[in-house]
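For reference, the structure is listed below as structure tokens.
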Amino acid sequence: MALIIDGKAVSASVRARVAKETALIKEKGVTPGLAVIIAGDDPASRVYVNNKKKACAEVGFLSEEYALPAEVTQEELLALVEELNHRKDISGILCQLPLPKHLDEKAVIEAISPLKDVDAFHPSNVGRIMIGDYHFLPCTPAGVMELLAWANADISGKECVVIGRSNIVGKPMSMLLLHKHGTVTVCHSRTKDLGEVTRRADILVAAVGIPKFVKGDMIKEGAVVIDVGMNRDENGKLCGDVDFAQVEPKASAITPVPGGVGPMTIAMLMQNTLMAAKIQNGLD
Ligand code: NAP
């Protein structure tokens, strides 16, 4: 039986660590503050924003929400980012994506000060991750690394396969595994004979966005399997990219969906916001 990697427990311990450190820096007069910008009324984005606000309150951060109408102009949005960049009480700025279609996401991401970019999407932070000299890591891949550490997964010298090459998950994920000395292969929709590659994996990370895509015959016996996917199955039930029922018996450790990678993302956002407050106040 595989070890079930308990994302809820690991997330709670990261948030407890952040809360403890927050209490300490508050004694020095510094309160981390997160500004969350949401444009339009996408219901999924609304849920994410509410969860982020709740997490901020739990760890003792100030949080501010800027709910902008769907028709907000690029100039108005950039002016808000600029104002937040200069606010001393705001340590981190997050713009909930996707933005309404008429807005230029790239320009908004690049307008956020790299020192307040707690999503780590700014090109300057992406470049820092590449060279291994970073302030923040993107929340989801950073959460996966916490889960691998919790599961005592040995990465050094191991075959690590990442399915997916998105800028927010697959690419940074592969870089973090490389920094930990994994031998990393990144797969995507043009990869030939995917199963042949994934069967080599000691550590397999699936970030594909297709329900139950990774089947039992794609897994090496004893692999550690991390499922980043958040999809709906044919009955509307939340499910991952991994066919858990088929894969779990072959894996040595595996994340469930829900309760695996999902809860880590917000925990790592809290960690990044704390780090931002420390850097901006010379406490790092
Ligand atoms: P994405 O931008 O759509 O990227 C999906 C990747 O999968 C792409 O690189 C794509 O290849 C690859 N792919 C698609 N079909 C494939 C196939 N048949 N064989 C091999 N590779 C294939 O998705 P994402 O933003 O990275 O998210 C991936 C999943 O993680 C989604 O389910 C998302 O909801 C979830 N997610 C969860 C969290 C969390 O907090 N747990 C956070 C972010 C994302 P190409 O590049 O060639 O198109």
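How things are named: the first chain in the structure tokens is A, the next is B, and so on; residues count from 1 in each chain; ligands count from 1 in the order shown.
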Could you give me, as a tab-separated table, a per-residue list for chain A showing, wherever an atom lies at most 9 Å from an atom of ligand 1, the closest pair of atoms and their distance in Å to one decimal, using only C-alpha atoms and all ligand atoms and sorting by chain then residue number from low to high?
```
residue	atom	partner	partner_atom_place_in_ligand_line	distance
A:Cys139	CA	ligand 1	40 (O)	7.8
A:Thr140	CA	ligand 1	40 (O)	5.4
A:Pro141	CA	ligand 1	42 (C)	8.4
A:Gly143	CA	ligand 1	40 (O)	8.5
A:Ile163	CA	ligand 1	21 (N)	5.5
A:Gly164	CA	ligand 1	6 (C)	3.6
A:Arg165	CA	ligand 1	9 (O)	3.7
A:Ser166	CA	ligand 1	26 (O)	4.5
A:Asn167	CA	ligand 1	26 (O)	7.0
A:Ile168	CA	ligand 1	26 (O)	6.0
A:Val169	CA	ligand 1	26 (O)	4.7
A:Gly170	CA	ligand 1	26 (O)	5.7
A:Lys171	CA	ligand 1	9 (O)	8.5
A:Val186	CA	ligand 1	9 (O)	8.9
A:Cys187	CA	ligand 1	21 (N)	5.9
A:His188	CA	ligand 1	21 (N)	3.4
A:Ser189	CA	ligand 1	22 (C)	3.8
A:Arg190	CA	ligand 1	47 (O)	5.6
A:Thr191	CA	ligand 1	20 (C)	6.3
A:Lys192	CA	ligand 1	19 (N)	8.8
A:Leu194	CA	ligand 1	20 (C)	6.9
A:Ala206	CA	ligand 1	29 (C)	7.6
A:Ala207	CA	ligand 1	28 (C)	4.0
A:Val208	CA	ligand 1	7 (O)	3.5
A:Gly209	CA	ligand 1	32 (O)	3.2
A:Ile210	CA	ligand 1	32 (O)	6.4
A:Pro211	CA	ligand 1	32 (O)	7.6
A:Phe213	CA	ligand 1	18 (N)	7.9
A:Asp227	CA	ligand 1	30 (O)	7.9
A:Val228	CA	ligand 1	30 (O)	4.7
A:Gly229	CA	ligand 1	32 (O)	3.4
A:Met230	CA	ligand 1	32 (O)	4.0
A:Asn231	CA	ligand 1	32 (O)	5.2
A:Arg232	CA	ligand 1	32 (O)	8.9
A:Cys239	CA	ligand 1	32 (O)	8.7
A:Gly240	CA	ligand 1	32 (O)	6.7
A:Asp241	CA	ligand 1	32 (O)	6.5
A:Val257	CA	ligand 1	41 (N)	8.6
A:Pro258	CA	ligand 1	41 (N)	8.7
A:Gly260	CA	ligand 1	41 (N)	7.7
A:Val261	CA	ligand 1	41 (N)	4.8
A:Gly262	CA	ligand 1	41 (N)	3.7
A:Pro263	CA	ligand 1	40 (O)	6.9
A:Met264	CA	ligand 1	40 (O)	6.9
A:Thr265	CA	ligand 1	40 (O)	4.9
A:Ile266	CA	ligand 1	40 (O)	7.7
```
Serialized selection, N, CA and C atoms, as a short mmCIF file (atom, residue, chain, number, x, y, z; two decimals), in the first residue's frame:
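Output below, filename result-v2.cif:
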```
data_model
loop_
_atom_site.label_atom_id
_atom_site.label_comp_id
_atom_site.auth_asym_id
_atom_site.auth_seq_id
_atom_site.Cartn_x
_atom_site.Cartn_y
_atom_site.Cartn_z
N CYS A 139 3.86 29.10 -6.22
CA CYS A 139 3.25 28.41 -5.07
C CYS A 139 3.01 26.92 -5.29
N THR A 140 2.49 26.54 -6.45
CA THR A 140 2.14 25.12 -6.63
C THR A 140 3.39 24.24 -6.69
N PRO A 141 4.38 24.55 -7.54
CA PRO A 141 5.58 23.71 -7.52
C PRO A 141 6.29 23.73 -6.15
N GLY A 143 4.86 23.98 -3.31
CA GLY A 143 4.06 23.08 -2.48
C GLY A 143 4.39 21.62 -2.74
N ILE A 163 4.91 15.74 -16.30
CA ILE A 163 4.04 15.82 -17.49
C ILE A 163 3.36 17.17 -17.45
N GLY A 164 3.65 17.99 -18.44
CA GLY A 164 3.12 19.37 -18.50
C GLY A 164 4.28 20.35 -18.49
N ARG A 165 4.15 21.40 -19.30
CA ARG A 165 5.23 22.40 -19.41
C ARG A 165 4.69 23.81 -19.32
N SER A 166 3.64 23.99 -18.50
CA SER A 166 3.08 25.35 -18.36
C SER A 166 4.06 26.22 -17.57
N ASN A 167 3.90 27.54 -17.74
CA ASN A 167 4.78 28.45 -17.01
C ASN A 167 4.52 28.44 -15.52
N ILE A 168 3.27 28.09 -15.11
CA ILE A 168 2.97 28.16 -13.68
C ILE A 168 3.24 26.85 -12.94
N VAL A 169 3.21 25.74 -13.66
CA VAL A 169 3.46 24.46 -12.97
C VAL A 169 4.64 23.69 -13.59
N GLY A 170 4.44 23.17 -14.79
CA GLY A 170 5.40 22.21 -15.36
C GLY A 170 6.83 22.73 -15.43
N LYS A 171 7.01 23.91 -16.03
CA LYS A 171 8.40 24.41 -16.20
C LYS A 171 9.09 24.69 -14.87
N VAL A 186 10.89 16.49 -19.08
CA VAL A 186 9.61 17.19 -19.15
C VAL A 186 8.84 16.69 -20.37
N CYS A 187 7.62 16.24 -20.16
CA CYS A 187 6.79 15.72 -21.25
C CYS A 187 5.65 16.69 -21.54
N HIS A 188 5.10 16.61 -22.72
CA HIS A 188 4.00 17.50 -23.13
C HIS A 188 3.21 16.82 -24.23
N SER A 189 2.33 17.58 -24.87
CA SER A 189 1.40 16.94 -25.80
C SER A 189 2.08 16.37 -27.05
N ARG A 190 3.31 16.80 -27.32
CA ARG A 190 4.01 16.26 -28.50
C ARG A 190 4.95 15.11 -28.14
N THR A 191 5.01 14.76 -26.88
CA THR A 191 5.92 13.69 -26.46
C THR A 191 5.48 12.37 -27.09
N LYS A 192 6.44 11.67 -27.66
CA LYS A 192 6.14 10.38 -28.29
C LYS A 192 6.27 9.28 -27.25
N LEU A 194 4.56 8.38 -24.46
CA LEU A 194 4.61 8.96 -23.11
C LEU A 194 4.82 7.88 -22.03
N ALA A 206 2.32 14.91 -12.33
CA ALA A 206 1.36 15.08 -13.43
C ALA A 206 0.70 16.44 -13.31
N ALA A 207 0.87 17.28 -14.34
CA ALA A 207 0.23 18.61 -14.39
C ALA A 207 -0.29 18.80 -15.81
N VAL A 208 -1.31 18.03 -16.14
CA VAL A 208 -1.80 17.93 -17.51
C VAL A 208 -3.14 18.62 -17.70
N GLY A 209 -4.03 18.46 -16.71
CA GLY A 209 -5.37 19.03 -16.85
C GLY A 209 -6.34 18.11 -17.56
N ILE A 210 -6.05 16.80 -17.56
CA ILE A 210 -6.98 15.81 -18.15
C ILE A 210 -7.34 14.80 -17.06
N PRO A 211 -8.65 14.64 -16.76
CA PRO A 211 -9.05 13.75 -15.66
C PRO A 211 -8.52 12.33 -15.84
N PHE A 213 -5.76 10.89 -16.36
CA PHE A 213 -4.95 10.68 -17.57
C PHE A 213 -3.84 9.65 -17.36
N ASP A 227 0.12 14.35 -7.98
CA ASP A 227 -0.97 14.70 -8.90
C ASP A 227 -1.36 16.17 -8.70
N VAL A 228 -0.96 17.02 -9.64
CA VAL A 228 -1.27 18.44 -9.53
C VAL A 228 -2.68 18.75 -10.08
N GLY A 229 -3.21 17.86 -10.86
CA GLY A 229 -4.46 18.11 -11.58
C GLY A 229 -5.64 18.46 -10.69
N MET A 230 -6.47 19.36 -11.17
CA MET A 230 -7.74 19.68 -10.50
C MET A 230 -8.79 19.73 -11.59
N ASN A 231 -9.46 18.63 -11.76
CA ASN A 231 -10.41 18.52 -12.87
C ASN A 231 -11.75 18.05 -12.32
N ARG A 232 -12.75 18.07 -13.16
CA ARG A 232 -14.06 17.49 -12.84
C ARG A 232 -14.22 16.22 -13.67
N CYS A 239 -11.45 15.64 -9.48
CA CYS A 239 -10.49 14.53 -9.61
C CYS A 239 -9.19 15.06 -10.19
N GLY A 240 -8.16 14.25 -10.07
CA GLY A 240 -6.84 14.67 -10.51
C GLY A 240 -6.52 14.23 -11.93
N ASP A 241 -5.24 14.34 -12.27
CA ASP A 241 -4.76 13.88 -13.57
C ASP A 241 -4.36 12.40 -13.51
N VAL A 257 -6.44 13.49 -4.65
CA VAL A 257 -7.17 14.71 -5.08
C VAL A 257 -8.64 14.49 -4.72
N PRO A 258 -9.22 15.31 -3.86
CA PRO A 258 -8.62 16.47 -3.19
C PRO A 258 -7.75 16.05 -1.99
N GLY A 260 -4.36 16.77 -1.63
CA GLY A 260 -2.93 16.56 -1.89
C GLY A 260 -2.26 17.90 -2.16
N VAL A 261 -2.01 18.17 -3.44
CA VAL A 261 -1.31 19.40 -3.82
C VAL A 261 -2.18 20.64 -3.57
N GLY A 262 -3.49 20.51 -3.79
CA GLY A 262 -4.40 21.66 -3.69
C GLY A 262 -4.18 22.52 -2.46
N PRO A 263 -4.24 21.95 -1.25
CA PRO A 263 -4.10 22.79 -0.05
C PRO A 263 -2.73 23.44 0.09
N MET A 264 -1.74 22.94 -0.64
CA MET A 264 -0.38 23.49 -0.49
C MET A 264 -0.23 24.86 -1.14
N THR A 265 -0.99 25.10 -2.20
CA THR A 265 -0.77 26.32 -2.98
C THR A 265 -0.99 27.57 -2.11
N ILE A 266 -2.07 27.57 -1.35
CA ILE A 266 -2.33 28.75 -0.50
C ILE A 266 -1.32 28.85 0.63
#
```
Next item on the list: Identify, on the basis of only C-alpha atoms, every residue whose closest approach to A:Lys116 does not exceed 6 Å; exclude the query and any residue fewer than 2 positions from it along the same chain; express the result as a list in words.
Entry: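 Skipping anything fewer than 2 positions along the chain leaves Ser91, Gly92, Ile93, Ser113, Pro114 and Val118 of chain A.
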Please list as an mmCIF file with N, CA and C atoms, in the first residue's frame every residue within 12 Å of A:Lys28, counting only C-alpha atoms and excluding residues in the same chain fewer than 4 positions away.
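Once everything was written out, this is around20.cif:
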```cif
data_model
loop_
_atom_site.group_PDB
_atom_site.id
_atom_site.type_symbol
_atom_site.label_atom_id
_atom_site.label_comp_id
_atom_site.auth_asym_id
_atom_site.auth_seq_id
_atom_site.Cartn_x
_atom_site.Cartn_y
_atom_site.Cartn_z
ATOM 1 N N GLU A 21 5.977 32.749 12.846
ATOM 2 C CA GLU A 21 6.963 33.765 12.438
ATOM 3 C C GLU A 21 6.314 35.136 12.298
ATOM 4 N N THR A 22 5.061 35.138 11.879
ATOM 5 C CA THR A 22 4.341 36.414 11.733
ATOM 6 C C THR A 22 4.198 37.084 13.094
ATOM 7 N N ALA A 23 3.864 36.274 14.098
ATOM 8 C CA ALA A 23 3.722 36.836 15.450
ATOM 9 C C ALA A 23 5.044 37.468 15.885
ATOM 10 N N LEU A 24 6.160 36.818 15.528
ATOM 11 C CA LEU A 24 7.477 37.347 15.921
ATOM 12 C C LEU A 24 7.796 38.659 15.219
ATOM 13 N N PRO A 32 2.776 41.482 7.720
ATOM 14 C CA PRO A 32 2.677 41.190 6.289
ATOM 15 C C PRO A 32 1.286 41.546 5.758
ATOM 16 N N ALA A 277 7.479 40.402 3.147
ATOM 17 C CA ALA A 277 7.471 41.397 4.236
ATOM 18 C C ALA A 277 8.854 41.455 4.890
ATOM 19 N N LYS A 278 9.468 40.293 5.066
ATOM 20 C CA LYS A 278 10.792 40.263 5.705
ATOM 21 C C LYS A 278 11.831 40.957 4.823
ATOM 22 N N ASN A 281 11.542 44.695 4.765
ATOM 23 C CA ASN A 281 11.845 45.353 6.040
ATOM 24 C C ASN A 281 13.216 44.951 6.591
ATOM 25 N N GLY A 282 14.040 44.375 5.739
ATOM 26 C CA GLY A 282 15.403 44.017 6.133
ATOM 27 C C GLY A 282 15.461 42.970 7.228
ATOM 28 N N LEU A 283 14.473 42.072 7.272
ATOM 29 C CA LEU A 283 14.443 41.047 8.332
ATOM 30 C C LEU A 283 14.781 39.649 7.801
#
```
Item checked: Pick from A:Asp217, A:Ala142, A:Leu94, A:Ala149 nearest to A:Ser174, counting only C-alpha atoms ->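 Between A:Asp217, A:Ala142, A:Leu94, A:Ala149, the residue approaching A:Ser174 most closely is A:Ala142.
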Notebook entry, point to check: Excluding same-chain residues fewer than 3 positions from A:Lys106, what lies within 10 Å of it counting only C-alpha atoms, as a PyMOL selection string?
Noted result: chain A and resi 103+109-111+121-123
Output file for the selection above: N, CA and C atoms, as a tab-separated table (two decimals), in the first residue's frame:
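Final output, again_30.tsv:
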```
chain	number	residue	atom	x	y	z
A	103	LEU	N	-7.90	42.54	-21.29
A	103	LEU	CA	-6.75	43.00	-20.50
A	103	LEU	C	-5.50	42.19	-20.84
A	109	ILE	N	1.37	41.41	-15.06
A	109	ILE	CA	2.36	40.64	-14.29
A	109	ILE	C	3.69	41.42	-14.23
A	110	GLU	N	4.06	42.01	-15.36
A	110	GLU	CA	5.34	42.73	-15.41
A	110	GLU	C	5.31	44.05	-14.65
A	111	ALA	N	4.09	44.56	-14.39
A	111	ALA	CA	3.97	45.84	-13.65
A	111	ALA	C	4.14	45.63	-12.15
A	121	PHE	N	5.55	35.11	-10.77
A	121	PHE	CA	5.28	35.03	-12.21
A	121	PHE	C	6.06	36.09	-13.00
A	122	HIS	N	6.60	37.10	-12.29
A	122	HIS	CA	7.32	38.17	-13.00
A	122	HIS	C	8.57	37.58	-13.68
A	123	PRO	N	8.86	38.02	-14.92
A	123	PRO	CA	10.02	37.45	-15.62
A	123	PRO	C	11.31	37.53	-14.81
```
With only C-alpha atoms as the counted atoms, please give the residues lying no more than 10 Å from A:Lys20, apart from itself and same-chain residues fewer than 5 positions off, as a PDB file with all heavy atoms, in the first residue's frame.
```
ATOM      1  N   VAL A  14       2.737  24.129   7.445  1.00  0.00           N
ATOM      2  CA  VAL A  14       3.378  25.315   6.828  1.00  0.00           C
ATOM      3  C   VAL A  14       2.686  26.580   7.337  1.00  0.00           C
ATOM      4  O   VAL A  14       3.332  27.551   7.740  1.00  0.00           O
ATOM      5  CB  VAL A  14       3.307  25.265   5.272  1.00  0.00           C
ATOM      6  CG1 VAL A  14       3.738  26.599   4.653  1.00  0.00           C
ATOM      7  CG2 VAL A  14       4.151  24.129   4.725  1.00  0.00           C
ATOM      8  N   ARG A  15       1.347  26.567   7.389  1.00  0.00           N
ATOM      9  CA  ARG A  15       0.614  27.758   7.827  1.00  0.00           C
ATOM     10  C   ARG A  15       0.872  28.057   9.305  1.00  0.00           C
ATOM     11  O   ARG A  15       0.982  29.207   9.699  1.00  0.00           O
ATOM     12  CB  ARG A  15      -0.875  27.611   7.503  1.00  0.00           C
ATOM     13  CG  ARG A  15      -1.127  27.823   6.003  1.00  0.00           C
ATOM     14  CD  ARG A  15      -2.581  27.719   5.596  1.00  0.00           C
ATOM     15  NE  ARG A  15      -3.009  26.332   5.551  1.00  0.00           N
ATOM     16  CZ  ARG A  15      -4.006  25.830   6.251  1.00  0.00           C
ATOM     17  NH1 ARG A  15      -4.706  26.578   7.061  1.00  0.00           N
ATOM     18  NH2 ARG A  15      -4.326  24.554   6.135  1.00  0.00           N
ATOM     19  N   ILE A  25       7.513  38.726  13.907  1.00  0.00           N
ATOM     20  CA  ILE A  25       7.882  39.969  13.208  1.00  0.00           C
ATOM     21  C   ILE A  25       6.897  41.095  13.540  1.00  0.00           C
ATOM     22  O   ILE A  25       7.241  42.260  13.442  1.00  0.00           O
ATOM     23  CB  ILE A  25       8.103  39.812  11.680  1.00  0.00           C
ATOM     24  CG1 ILE A  25       6.823  39.510  10.925  1.00  0.00           C
ATOM     25  CG2 ILE A  25       9.178  38.799  11.358  1.00  0.00           C
ATOM     26  CD1 ILE A  25       6.991  39.723   9.423  1.00  0.00           C
ATOM     27  N   VAL A  59      -3.292  33.384   9.530  1.00  0.00           N
ATOM     28  CA  VAL A  59      -1.873  33.494   9.889  1.00  0.00           C
ATOM     29  C   VAL A  59      -1.519  34.876  10.446  1.00  0.00           C
ATOM     30  O   VAL A  59      -0.370  35.114  10.819  1.00  0.00           O
ATOM     31  CB  VAL A  59      -0.929  33.136   8.712  1.00  0.00           C
ATOM     32  CG1 VAL A  59      -1.104  31.684   8.296  1.00  0.00           C
ATOM     33  CG2 VAL A  59      -1.129  34.062   7.518  1.00  0.00           C
ATOM     34  N   GLY A  60      -2.500  35.779  10.476  1.00  0.00           N
ATOM     35  CA  GLY A  60      -2.254  37.083  11.098  1.00  0.00           C
ATOM     36  C   GLY A  60      -1.828  38.178  10.138  1.00  0.00           C
ATOM     37  O   GLY A  60      -1.257  39.182  10.546  1.00  0.00           O
TER      38      GLY A  60
END
```
Margin query: What parts of stretch 30-262 of chain A does DSSP call alpha helix (DSSP H)? I'd like the answer as a PyMOL selection string.
Written below: chain A and resi 43-59+74-86+105-111+123-131+139-150+170-179+194-198+244-247+262
Those selected residues, please, written with C-alpha atoms and delivered as a short mmCIF file (atom, residue, chain, number, x, y, z; two decimals), in the first residue's frame.
```cif
data_model
loop_
_atom_site.label_atom_id
_atom_site.label_comp_id
_atom_site.auth_asym_id
_atom_site.auth_seq_id
_atom_site.Cartn_x
_atom_site.Cartn_y
_atom_site.Cartn_z
CA PRO A 43 -16.99 32.12 -9.87
CA ALA A 44 -13.88 29.89 -9.57
CA SER A 45 -11.66 32.98 -9.10
CA ARG A 46 -14.06 34.27 -6.43
CA VAL A 47 -13.70 31.00 -4.46
CA TYR A 48 -9.90 31.18 -4.70
CA VAL A 49 -9.85 34.83 -3.57
CA ASN A 50 -12.10 34.10 -0.57
CA ASN A 51 -9.85 31.20 0.44
CA LYS A 52 -6.79 33.43 0.22
CA LYS A 53 -8.40 36.09 2.41
CA LYS A 54 -9.36 33.46 4.97
CA ALA A 55 -5.82 32.05 5.02
CA CYS A 56 -4.39 35.56 5.52
CA ALA A 57 -6.63 36.13 8.55
CA GLU A 58 -5.60 32.78 10.04
CA VAL A 59 -1.87 33.49 9.89
CA GLN A 74 -5.86 48.33 -18.62
CA GLU A 75 -4.85 51.83 -17.48
CA GLU A 76 -7.00 51.63 -14.34
CA LEU A 77 -5.62 48.21 -13.45
CA LEU A 78 -2.02 49.29 -14.00
CA ALA A 79 -2.61 52.43 -11.91
CA LEU A 80 -3.85 50.26 -9.03
CA VAL A 81 -0.81 47.98 -9.28
CA GLU A 82 1.45 51.03 -9.26
CA GLU A 83 -0.26 52.40 -6.15
CA LEU A 84 0.10 49.04 -4.38
CA ASN A 85 3.75 48.79 -5.43
CA HIS A 86 4.39 51.94 -3.38
CA GLU A 105 -2.05 39.70 -18.47
CA LYS A 106 1.60 39.87 -19.38
CA ALA A 107 1.73 43.65 -18.91
CA VAL A 108 -0.02 43.36 -15.53
CA ILE A 109 2.36 40.64 -14.29
CA GLU A 110 5.34 42.73 -15.41
CA ALA A 111 3.97 45.84 -13.65
CA PRO A 123 10.02 37.45 -15.62
CA SER A 124 12.68 38.67 -13.20
CA ASN A 125 11.58 36.11 -10.59
CA VAL A 126 11.26 33.39 -13.25
CA GLY A 127 14.86 34.13 -14.28
CA ARG A 128 15.99 34.00 -10.65
CA ILE A 129 14.45 30.56 -10.30
CA MET A 130 16.36 29.42 -13.39
CA ILE A 131 19.69 30.42 -11.83
CA CYS A 139 3.25 28.41 -5.07
CA THR A 140 2.14 25.12 -6.63
CA PRO A 141 5.58 23.71 -7.52
CA ALA A 142 6.92 24.95 -4.15
CA GLY A 143 4.06 23.08 -2.48
CA VAL A 144 4.99 19.91 -4.35
CA MET A 145 8.56 20.21 -3.04
CA GLU A 146 7.21 20.45 0.53
CA LEU A 147 5.15 17.32 -0.04
CA LEU A 148 8.15 15.42 -1.43
CA ALA A 149 10.17 16.46 1.62
CA TRP A 150 7.37 15.31 3.94
CA GLY A 170 5.40 22.21 -15.36
CA LYS A 171 8.40 24.41 -16.20
CA PRO A 172 9.17 25.71 -12.68
CA MET A 173 8.48 22.22 -11.29
CA SER A 174 11.15 20.73 -13.52
CA MET A 175 13.59 23.43 -12.45
CA LEU A 176 13.03 22.81 -8.73
CA LEU A 177 13.58 19.08 -9.17
CA LEU A 178 16.75 19.87 -11.13
CA HIS A 179 17.99 22.11 -8.29
CA LEU A 194 4.61 8.96 -23.11
CA GLY A 195 4.21 5.69 -21.18
CA GLU A 196 7.72 4.64 -22.12
CA VAL A 197 9.03 7.86 -20.51
CA THR A 198 6.78 7.84 -17.43
CA PHE A 244 -5.77 6.94 -8.35
CA ALA A 245 -7.43 3.51 -8.21
CA GLN A 246 -5.05 2.12 -10.84
CA VAL A 247 -1.88 3.93 -9.80
CA GLY A 262 -4.40 21.66 -3.69
#
```
Notebook entry, point to check: Which of these residues is nearest to A:Val242, using only C-alpha atoms: A:Ala276, A:Ile4, A:Leu204, A:Met270?
Noted result: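 Among the listed residues, the smallest separation from A:Val242 belongs to A:Leu204.
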